[in-house]
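Here is start.pdb, consisting of PDB, C-alpha atoms:
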```pdb
ATOM      1  CA  MET A   1      86.840  72.312 103.022
ATOM      2  CA  SER A   2      87.471  76.043 103.163
ATOM      3  CA  ARG A   3      85.057  77.949 105.366
ATOM      4  CA  LYS A   4      82.723  80.610 104.020
ATOM      5  CA  ARG A   5      83.915  83.323 106.407
ATOM      6  CA  ASP A   6      87.562  82.761 105.449
ATOM      7  CA  THR A   7      86.694  82.734 101.755
ATOM      8  CA  TRP A   8      84.899  86.087 102.016
ATOM      9  CA  LEU A   9      87.734  87.576 104.077
ATOM     10  CA  SER A  10      90.186  86.480 101.380
ATOM     11  CA  ARG A  11      88.007  88.094  98.725
ATOM     12  CA  ILE A  12      87.982  91.385 100.655
ATOM     13  CA  LYS A  13      91.766  91.267 101.032
ATOM     14  CA  ALA A  14      92.101  90.432  97.323
ATOM     15  CA  VAL A  15      90.500  93.799  96.463
ATOM     16  CA  GLU A  16      93.272  95.588  98.370
ATOM     17  CA  ARG A  17      95.903  93.482  96.600
ATOM     18  CA  GLU A  18      94.317  94.341  93.255
ATOM     19  CA  HIS A  19      94.460  98.017  94.172
ATOM     20  CA  ALA A  20      98.169  97.648  94.935
ATOM     21  CA  ALA A  21      98.735  96.045  91.515
ATOM     22  CA  VAL A  22      96.819  98.759  89.644
ATOM     23  CA  ARG A  23      98.488 101.508  91.696
ATOM     24  CA  PHE A  24     101.884 100.088  90.750
ATOM     25  CA  ALA A  25     100.954  99.876  87.058
ATOM     26  CA  THR A  26      99.423 103.373  86.995
ATOM     27  CA  ASN A  27     102.423 104.936  88.713
ATOM     28  CA  ARG A  28     104.779 103.278  86.239
ATOM     29  CA  LEU A  29     102.702 104.458  83.286
ATOM     30  CA  LEU A  30     102.492 108.024  84.580
ATOM     31  CA  GLU A  31     106.221 108.108  85.239
ATOM     32  CA  GLU A  32     106.959 106.924  81.728
ATOM     33  CA  ALA A  33     104.354 109.170  80.093
ATOM     34  CA  GLU A  34     105.781 112.252  81.832
ATOM     35  CA  HIS A  35     109.025 111.632  79.928
ATOM     36  CA  ASP A  36     107.477 110.318  76.716
ATOM     37  CA  PRO A  37     103.759 111.083  76.112
ATOM     38  CA  THR A  38     103.776 108.891  72.981
ATOM     39  CA  VAL A  39     103.672 105.744  75.177
ATOM     40  CA  ILE A  40      99.928 106.425  75.532
ATOM     41  CA  LYS A  41      98.688 104.793  72.372
ATOM     42  CA  ILE A  42      94.950 104.816  73.030
ATOM     43  CA  ASN A  43      92.498 107.702  72.841
ATOM     44  CA  VAL A  44      92.995 109.048  76.381
ATOM     45  CA  SER A  45      94.998 112.012  77.579
ATOM     46  CA  LEU A  46      97.688 112.130  80.225
ATOM     47  CA  ARG A  47      95.332 114.310  82.274
ATOM     48  CA  GLU A  48      92.666 111.593  82.257
ATOM     49  CA  ILE A  49      95.188 109.046  83.475
ATOM     50  CA  ARG A  50      96.242 111.452  86.214
ATOM     51  CA  ASN A  51      92.573 111.880  87.212
ATOM     52  CA  ALA A  52      92.029 108.120  87.313
ATOM     53  CA  SER A  53      95.181 107.730  89.360
ATOM     54  CA  GLY A  54      94.015 110.401  91.806
ATOM     55  CA  ARG A  55      90.695 108.612  92.293
ATOM     56  CA  LEU A  56      92.098 105.096  92.310
ATOM     57  CA  GLU A  57      92.084 104.486  96.051
ATOM     58  CA  GLY A  58      88.504 105.762  96.402
ATOM     59  CA  THR A  59      87.409 103.536  93.537
ATOM     60  CA  TYR A  60      88.849 100.514  95.297
ATOM     61  CA  VAL A  61      87.333 101.498  98.663
ATOM     62  CA  VAL A  62      83.942 101.386  96.892
ATOM     63  CA  ARG A  63      84.747  97.923  95.503
ATOM     64  CA  LEU A  64      86.045  96.706  98.841
ATOM     65  CA  PHE A  65      82.863  97.776 100.624
ATOM     66  CA  ALA A  66      80.769  96.099  97.907
ATOM     67  CA  GLU A  67      82.591  92.802  98.530
ATOM     68  CA  PHE A  68      82.077  93.179 102.282
ATOM     69  CA  GLU A  69      78.393  93.955 101.775
ATOM     70  CA  SER A  70      77.925  90.903  99.515
ATOM     71  CA  GLY A  71      79.495  88.712 102.197
ATOM     72  CA  LEU A  72      77.135  90.105 104.854
ATOM     73  CA  ARG A  73      74.140  89.494 102.576
ATOM     74  CA  SER A  74      75.237  85.916 101.902
ATOM     75  CA  CYS A  75      75.568  85.241 105.644
ATOM     76  CA  TRP A  76      72.272  86.957 106.498
ATOM     77  CA  SER A  77      70.266  84.912 103.964
ATOM     78  CA  ALA A  78      71.786  81.612 105.073
ATOM     79  CA  VAL A  79      71.693  82.202 108.838
ATOM     80  CA  ARG A  80      68.232  83.799 109.068
ATOM     81  CA  GLY A  81      66.529  82.322 106.040
ATOM     82  CA  THR A  82      65.175  85.759 105.125
ATOM     83  CA  ASP A  83      66.115  88.386 102.577
ATOM     84  CA  PRO A  84      68.681  90.851 103.915
ATOM     85  CA  PRO A  85      67.674  94.534 104.224
ATOM     86  CA  SER A  86      68.279  96.569 101.101
ATOM     87  CA  ARG A  87      69.957  99.482 102.917
ATOM     88  CA  ALA A  88      73.588  98.907 103.903
ATOM     89  CA  VAL A  89      73.115 100.746 107.209
ATOM     90  CA  ASP A  90      70.391  98.291 108.263
ATOM     91  CA  LEU A  91      72.417  95.341 107.030
ATOM     92  CA  VAL A  92      75.412  96.374 109.156
ATOM     93  CA  ASN A  93      73.328  97.151 112.272
ATOM     94  CA  GLY A  94      71.220  93.977 111.950
ATOM     95  CA  THR A  95      74.309  91.807 111.486
ATOM     96  CA  ALA A  96      76.006  93.472 114.445
ATOM     97  CA  ALA A  97      72.974  92.862 116.671
ATOM     98  CA  ARG A  98      72.704  89.213 115.656
ATOM     99  CA  HIS A  99      76.379  88.417 116.201
ATOM    100  CA  ALA A 100      77.043  90.670 119.231
ATOM    101  CA  ILE A 101      79.647  92.821 117.494
ATOM    102  CA  PRO A 102      81.178  95.519 119.762
ATOM    103  CA  HIS A 103      80.138  99.138 119.283
ATOM    104  CA  ASP A 104      83.561 100.447 118.168
ATOM    105  CA  TYR A 105      83.721  97.903 115.361
ATOM    106  CA  ILE A 106      80.263  98.954 114.165
ATOM    107  CA  GLU A 107      81.219 102.638 114.215
ATOM    108  CA  ASN A 108      84.365 101.946 112.207
ATOM    109  CA  VAL A 109      82.398 100.091 109.538
ATOM    110  CA  HIS A 110      79.875 102.933 109.357
ATOM    111  CA  ALA A 111      82.795 105.334 108.818
ATOM    112  CA  VAL A 112      83.880 103.215 105.828
ATOM    113  CA  ARG A 113      80.277 103.122 104.586
ATOM    114  CA  ASN A 114      80.015 106.916 104.896
ATOM    115  CA  SER A 115      83.283 107.341 103.032
ATOM    116  CA  ARG A 116      81.927 105.036 100.310
ATOM    117  CA  ASN A 117      78.726 107.112 100.181
ATOM    118  CA  ASP A 118      80.745 110.338  99.879
ATOM    119  CA  LEU A 119      82.427 108.900  96.801
ATOM    120  CA  VAL A 120      79.330 107.381  95.220
ATOM    121  CA  HIS A 121      76.720 110.048  95.931
ATOM    122  CA  GLU A 122      78.824 113.187  95.270
ATOM    123  CA  ARG A 123      77.832 114.882  98.496
ATOM    124  CA  VAL A 124      78.532 118.582  99.041
ATOM    125  CA  GLU A 125      79.939 118.046 102.516
ATOM    126  CA  VAL A 126      82.284 115.116 102.653
ATOM    127  CA  GLY A 127      84.327 113.640 105.475
ATOM    128  CA  GLU A 128      87.988 112.784 105.470
ATOM    129  CA  PRO A 129      88.642 109.992 102.904
ATOM    130  CA  ILE A 130      89.587 106.619 104.382
ATOM    131  CA  SER A 131      92.634 104.762 103.092
ATOM    132  CA  ILE A 132      92.072 101.322 101.604
ATOM    133  CA  ALA A 133      94.319  99.753 104.274
ATOM    134  CA  LYS A 134      92.188 101.221 107.082
ATOM    135  CA  ALA A 135      88.937 100.316 105.320
ATOM    136  CA  ARG A 136      90.103  96.731 104.805
ATOM    137  CA  GLY A 137      91.171  96.434 108.451
ATOM    138  CA  ASP A 138      87.862  97.784 109.753
ATOM    139  CA  VAL A 139      85.611  95.621 107.594
ATOM    140  CA  CYS A 140      87.713  92.481 108.172
ATOM    141  CA  ARG A 141      87.616  92.921 111.966
ATOM    142  CA  PHE A 142      83.813  93.259 111.788
ATOM    143  CA  PHE A 143      83.485  90.295 109.425
ATOM    144  CA  GLY A 144      85.585  88.160 111.769
ATOM    145  CA  PHE A 145      82.657  88.088 114.219
ATOM    146  CA  LEU A 146      80.485  86.149 111.767
ATOM    147  CA  PRO A 147      80.187  82.369 112.213
ATOM    148  CA  PRO A 148      82.930  80.342 110.469
ATOM    149  CA  ASP A 149      80.454  78.758 108.080
ATOM    150  CA  TRP A 150      76.912  79.239 106.848
TER     151      TRP A 150
ATOM    152  CA  MET B   1      99.371  62.249  66.514
ATOM    153  CA  LYS B   2      97.874  58.864  67.110
ATOM    154  CA  GLY B   3      96.200  58.394  70.499
ATOM    155  CA  SER B   4      96.820  61.954  71.767
ATOM    156  CA  HIS B   5      94.090  64.425  72.593
ATOM    157  CA  PRO B   6      94.867  68.167  72.810
ATOM    158  CA  MET B   7      92.541  68.749  75.797
ATOM    159  CA  ALA B   8      94.096  65.872  77.698
ATOM    160  CA  THR B   9      97.507  67.489  77.182
ATOM    161  CA  VAL B  10      96.296  70.825  78.555
ATOM    162  CA  ASP B  11      94.666  69.087  81.523
ATOM    163  CA  ASP B  12      97.772  66.995  82.167
ATOM    164  CA  ARG B  13      99.973  70.078  82.154
ATOM    165  CA  ARG B  14      97.596  71.885  84.502
ATOM    166  CA  GLU B  15      97.571  68.846  86.805
ATOM    167  CA  THR B  16     101.367  68.672  86.821
ATOM    168  CA  LEU B  17     101.747  72.391  87.574
ATOM    169  CA  ARG B  18      99.126  72.232  90.308
ATOM    170  CA  ALA B  19     100.746  69.176  91.916
ATOM    171  CA  ALA B  20     104.171  70.863  91.864
ATOM    172  CA  TRP B  21     102.769  74.029  93.432
ATOM    173  CA  LEU B  22     100.849  72.119  96.102
ATOM    174  CA  ASN B  23     103.963  70.105  96.972
ATOM    175  CA  ARG B  24     105.998  73.294  97.326
ATOM    176  CA  LEU B  25     103.251  74.868  99.411
ATOM    177  CA  SER B  26     102.780  71.830 101.660
ATOM    178  CA  ALA B  27     106.501  71.699 102.334
ATOM    179  CA  LEU B  28     106.431  75.403 103.272
ATOM    180  CA  VAL B  29     103.426  74.962 105.564
ATOM    181  CA  ASP B  30     105.082  71.929 107.218
ATOM    182  CA  SER B  31     108.285  73.902 107.842
ATOM    183  CA  VAL B  32     106.539  76.998 109.154
ATOM    184  CA  GLN B  33     104.252  74.903 111.360
ATOM    185  CA  GLY B  34     107.249  73.112 112.874
ATOM    186  CA  TRP B  35     109.186  76.344 113.483
ATOM    187  CA  ALA B  36     106.187  78.125 114.936
ATOM    188  CA  GLU B  37     105.461  75.300 117.379
ATOM    189  CA  GLU B  38     109.108  75.242 118.413
ATOM    190  CA  LEU B  39     108.833  78.988 119.075
ATOM    191  CA  GLY B  40     105.784  78.462 121.291
ATOM    192  CA  TRP B  41     103.002  79.383 118.870
ATOM    193  CA  SER B  42      99.931  77.217 118.538
ATOM    194  CA  THR B  43      99.035  76.340 114.955
ATOM    195  CA  ARG B  44      96.046  75.139 112.964
ATOM    196  CA  ARG B  45      96.018  74.110 109.307
ATOM    197  CA  ILE B  46      93.064  75.205 107.232
ATOM    198  CA  ASP B  47      92.098  74.844 103.576
ATOM    199  CA  LYS B  48      91.735  77.801 101.260
ATOM    200  CA  GLN B  49      89.649  77.781  98.105
ATOM    201  CA  MET B  50      91.847  79.037  95.263
ATOM    202  CA  GLU B  51      90.972  80.350  91.805
ATOM    203  CA  ASP B  52      93.823  80.449  89.345
ATOM    204  CA  SER B  53      93.608  81.148  85.624
ATOM    205  CA  GLN B  54      96.483  78.735  84.990
ATOM    206  CA  LEU B  55      95.647  75.981  87.476
ATOM    207  CA  GLY B  56      91.853  76.205  87.712
ATOM    208  CA  PRO B  57      89.986  75.955  91.030
ATOM    209  CA  TYR B  58      91.593  73.935  93.824
ATOM    210  CA  GLU B  59      92.088  73.853  97.587
ATOM    211  CA  ALA B  60      95.412  74.831  99.099
ATOM    212  CA  PRO B  61      96.768  74.495 102.640
ATOM    213  CA  ALA B  62      97.004  77.610 104.815
ATOM    214  CA  LEU B  63      98.123  77.990 108.414
ATOM    215  CA  ILE B  64      96.868  79.988 111.388
ATOM    216  CA  LEU B  65      99.378  80.747 114.144
ATOM    217  CA  GLN B  66      98.502  82.173 117.532
ATOM    218  CA  GLN B  67     100.481  83.285 120.569
ATOM    219  CA  ASP B  68      98.687  85.157 123.359
ATOM    220  CA  LEU B  69      96.407  87.615 121.547
ATOM    221  CA  THR B  70      98.483  87.782 118.362
ATOM    222  CA  ARG B  71      97.090  85.763 115.474
ATOM    223  CA  VAL B  72      98.786  85.381 112.102
ATOM    224  CA  LEU B  73      97.661  83.751 108.862
ATOM    225  CA  LEU B  74     100.033  82.145 106.352
ATOM    226  CA  ASP B  75      97.947  82.592 103.226
ATOM    227  CA  PRO B  76      98.746  81.135  99.778
ATOM    228  CA  ILE B  77      98.224  83.760  97.058
ATOM    229  CA  ALA B  78      99.435  82.513  93.689
ATOM    230  CA  SER B  79     101.485  79.759  92.099
ATOM    231  CA  SER B  80     103.319  82.226  89.909
ATOM    232  CA  ALA B  81     104.017  85.907  89.432
ATOM    233  CA  PRO B  82     106.720  87.757  87.469
ATOM    234  CA  HIS B  83     110.143  86.367  88.491
ATOM    235  CA  THR B  84     108.648  84.053  91.145
ATOM    236  CA  GLU B  85     107.251  80.543  91.297
ATOM    237  CA  GLY B  86     104.965  81.107  94.246
ATOM    238  CA  VAL B  87     103.595  83.865  96.471
ATOM    239  CA  VAL B  88     102.417  83.384 100.045
ATOM    240  CA  ASP B  89     101.468  86.217 102.381
ATOM    241  CA  LEU B  90     101.656  86.532 106.129
ATOM    242  CA  TYR B  91      98.842  88.598 107.636
ATOM    243  CA  ARG B  92      98.062  89.754 111.116
ATOM    244  CA  MET B  93      94.538  88.729 111.967
ATOM    245  CA  PRO B  94      91.708  89.525 112.197
ATOM    246  CA  ALA B  95      92.327  92.728 110.226
ATOM    247  CA  TYR B  96      94.453  91.106 107.486
ATOM    248  CA  ASP B  97      97.249  93.628 108.036
ATOM    249  CA  ASP B  98     100.303  92.882 105.885
ATOM    250  CA  VAL B  99     103.208  91.439 107.863
ATOM    251  CA  ALA B 100     105.417  89.913 105.180
ATOM    252  CA  SER B 101     105.310  88.236 101.785
ATOM    253  CA  LEU B 102     107.120  85.062 100.814
ATOM    254  CA  TYR B 103     108.250  84.696  97.191
ATOM    255  CA  TYR B 104     109.779  81.520  95.762
ATOM    256  CA  TYR B 105     112.808  82.190  93.562
ATOM    257  CA  ASP B 106     116.460  81.093  93.398
ATOM    258  CA  ASP B 107     115.214  77.664  94.580
ATOM    259  CA  ASN B 108     114.168  79.033  97.942
ATOM    260  CA  TRP B 109     111.439  80.970  99.691
ATOM    261  CA  GLN B 110     112.464  84.588 100.248
ATOM    262  CA  VAL B 111     110.921  86.763 102.955
ATOM    263  CA  HIS B 112     109.985  90.320 102.031
ATOM    264  CA  ASP B 113     109.354  91.802 105.440
ATOM    265  CA  GLN B 114     106.821  94.629 105.793
ATOM    266  CA  ALA B 115     108.676  97.687 107.076
ATOM    267  CA  ALA B 116     107.548  98.632 110.573
ATOM    268  CA  GLY B 117     104.964 101.384 110.611
ATOM    269  CA  THR B 118     103.764 100.851 107.064
ATOM    270  CA  SER B 119     100.629  98.944 106.237
ATOM    271  CA  SER B 120     100.267  98.909 102.495
ATOM    272  CA  ALA B 121     100.434  95.883 100.252
ATOM    273  CA  ALA B 122     101.850  98.263  97.638
ATOM    274  CA  THR B 123     105.200  98.615  99.415
ATOM    275  CA  ILE B 124     105.864  95.076 100.558
ATOM    276  CA  ARG B 125     107.306  93.792  97.282
ATOM    277  CA  GLU B 126     110.056  96.425  97.429
ATOM    278  CA  ALA B 127     111.007  95.467 100.975
ATOM    279  CA  GLN B 128     114.412  93.893 101.599
ATOM    280  CA  ALA B 129     114.471  90.134 100.951
ATOM    281  CA  LYS B 130     116.001  87.443 103.165
ATOM    282  CA  PRO B 131     116.037  83.677 102.542
ATOM    283  CA  LEU B 132     113.384  81.958 104.654
ATOM    284  CA  SER B 133     114.736  79.996 107.603
ATOM    285  CA  MET B 134     113.617  79.428 111.162
ATOM    286  CA  GLU B 135     115.788  82.395 112.152
ATOM    287  CA  THR B 136     114.296  84.848 109.638
ATOM    288  CA  PHE B 137     110.810  83.591 110.463
ATOM    289  CA  ARG B 138     111.449  84.135 114.167
ATOM    290  CA  GLU B 139     112.640  87.693 113.394
ATOM    291  CA  VAL B 140     109.414  88.408 111.502
ATOM    292  CA  LEU B 141     107.273  87.158 114.391
ATOM    293  CA  GLU B 142     109.309  89.049 116.984
ATOM    294  CA  GLU B 143     109.119  92.258 114.960
ATOM    295  CA  LEU B 144     105.366  91.783 114.675
ATOM    296  CA  LYS B 145     104.951  91.261 118.416
ATOM    297  CA  ARG B 146     107.099  94.345 119.130
ATOM    298  CA  HIS B 147     104.937  96.351 116.749
ATOM    299  CA  VAL B 148     101.729  95.071 118.352
ATOM    300  CA  SER B 149     102.837  95.860 121.908
TER     301      SER B 149
END
```
Represent the structure from my file as structure tokens, please.
Amino acid sequence: MSRKRDTWLSRIKAVEREHAAVRFATNRLLEEAEHDPTVIKINVSLREIRNASGRLEGTYVVRLFAEFESGLRSCWSAVRGTDPPSRAVDLVNGTAARHAIPHDYIENVHAVRNSRNDLVHERVEVGEPISIAKARGDVCRFFGFLPPDW
Amino acid sequence: MKGSHPMATVDDRRETLRAAWLNRLSALVDSVQGWAEELGWSTRRIDKQMEDSQLGPYEAPALILQQDLTRVLLDPIASSAPHTEGVVDLYRMPAYDDVASLYYYDDNWQVHDQAAGTSSAATIREAQAKPLSMETFREVLEELKRHVS
């Protein structure tokens, strides 16, 4: 039987792999469309594809954090038998306290969460964006402290 | 078509494909486990829950390797992809950093080694390929340990 923690970790990693696939496809399309704009046969402009491409990594960081958050919620409900907190900050801190997760790992996950919030909430002052590879590494290290199964 | 049922045919085909993939995967895991143990790594087989549009849900073998503080996961990804009949990734744990990808084509597993200093799944497919053997596997692990230290 596969273990819950491993399954969630695989799902988080799968988001990064999906980003790589879409990045590859988008780059190929943009390259081709630069030479021949008629390859775009639907009602979108080259500029819109460029915009989507520019925001692609951020979009996938948001998805990656959502997968991580769902995994934490699943673990919280099963381990404690209570509803998890609605705010992500409380979910991360409560999980860290329960499973004795080191401070640096918590800070790194909060940096990913803040980066996600910058993208989602359109803040005026935003921090440096986090790459999907760094975000995946930080959330997976944190998630690795959870029990193997729940 | 007397006695035949279209759904049974689809299921039979799915079963055949899944069995072939799991055989190929098990043989890979057996080989890698043997090589790793010979190279002084401890190993543990685990099961991974897979979802595949072609094969349906199933469990596949995966392998965790550890030496000192370095831990690596041999992780089955897909039974098919363009120009390949199987994809398996090698990740450094616990962060799931890309180390290498194994693709099955030309009747052999081929190692696409992650270039040192890069960490994106987007670049690994373009990396230089080498046929998988104990020697190429040892090179991958040594390169990883050099990178870690």
Next on the checklist: Could you tell me which residues of chain B sit within 6 Å of chain A when counting all atoms listed in the file, and give me the result as a list in words?
Outcome noted: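 Going by the stated atoms only, the list reads Asp47, Lys48, Gln49, Pro94, Ala95 and Ala122 of chain B.
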Checklist entry - Separation of atom CA of Asn27 of chain A and atom CA of Arg50 of chain A, in Å? => result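 Going from atom CA of Asn27 of chain A over to atom CA of Arg50 of chain A covers 9.3 Å.
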Checklist entry - What is the distance between atom CA of Pro82 of chain B and atom CA of Gly56 of chain B, in Å to one decimal? => result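 Between atom CA of Pro82 of chain B and atom CA of Gly56 of chain B the gap works out to 18.8 Å.
What the PyMOL selection byres ((chain B and resi 137) around 10) matches in the given file is Val32, Trp35, Ala36, Leu39, Ala100, Val111, Asp113, Lys130, Pro131, Leu132, Ser133, Met134, Glu135, Thr136, Arg138, Glu139, Val140, Leu141, Glu142 and Glu143 of chain B.
Of note, atom CA of Cys75 of chain A and atom CA of Leu146 of chain A are spaced 7.9 Å apart.
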Checklist entry - Quick one: which residues end up in the PyMOL selection byres ((chain B and resi 25) around 9) for this structure, as a list in words? => result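 Taken over the shown coordinates, the PyMOL selection byres ((chain B and resi 25) around 9) returns Ala20, Trp21, Leu22, Asn23, Arg24, Ser26, Ala27, Leu28, Val29, Asp30, Ala60, Pro61, Ala62, Pro76, Ser79, Gly86 and Val88 of chain B.
With only C-alpha atoms taken into account, the protein and nucleic acid residues at most 9 Å from segment 113-127 of chain A (excluding it and anything under 5 positions from it in its own chain) are Gly58, Thr59, Val61, Val62, Phe65, Ala88, Val89 and Asn108 of chain A.
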Let me have the centre and edge lengths in Å, one decimal, of the box along x, y and z around every listed atom of segment 118-131 of chain A with 8 Å of margin on each side, as lines of an AutoDock Vina configuration file.
```
center_x = 84.7
center_y = 111.7
center_z = 100.3
size_x = 31.9
size_y = 29.8
size_z = 26.3
```
Next on the checklist: Counting only C-alpha atoms, which residues sit no farther than 8 Å from the position (85.8, 91.4, 93.1) in the file's frame? I'd like them as a PyMOL selection string.
Outcome noted: chain A and resi 11-12+14-15+63-64+67
Next on the checklist: With the PyMOL selection byres ((chain B and resi 84) around 7) as the selection, what would be picked from this file? Answer as a list of chain:residue names, please.
Outcome noted: B:Ser80, B:Ala81, B:Pro82, B:His83, B:Glu85, B:Gly86, B:Tyr103, B:Tyr104, B:Tyr105
Checklist entry - Hey, which of A:His110, A:Pro102, A:Ala97, A:Leu56 ends up closest to Glu69 of chain A? Count all atoms listed in the file. => result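 Between A:His110, A:Pro102, A:Ala97, A:Leu56, the residue approaching Glu69 of chain A most closely is A:His110.
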Next on the checklist: Show me, as a ChimeraX atom specification, the residues that have an atom within 9 Å of Leu29 of chain A when counting all atoms listed in the file, minus same-chain residues fewer than 6 positions from it.
Outcome noted: /A:39-40,49
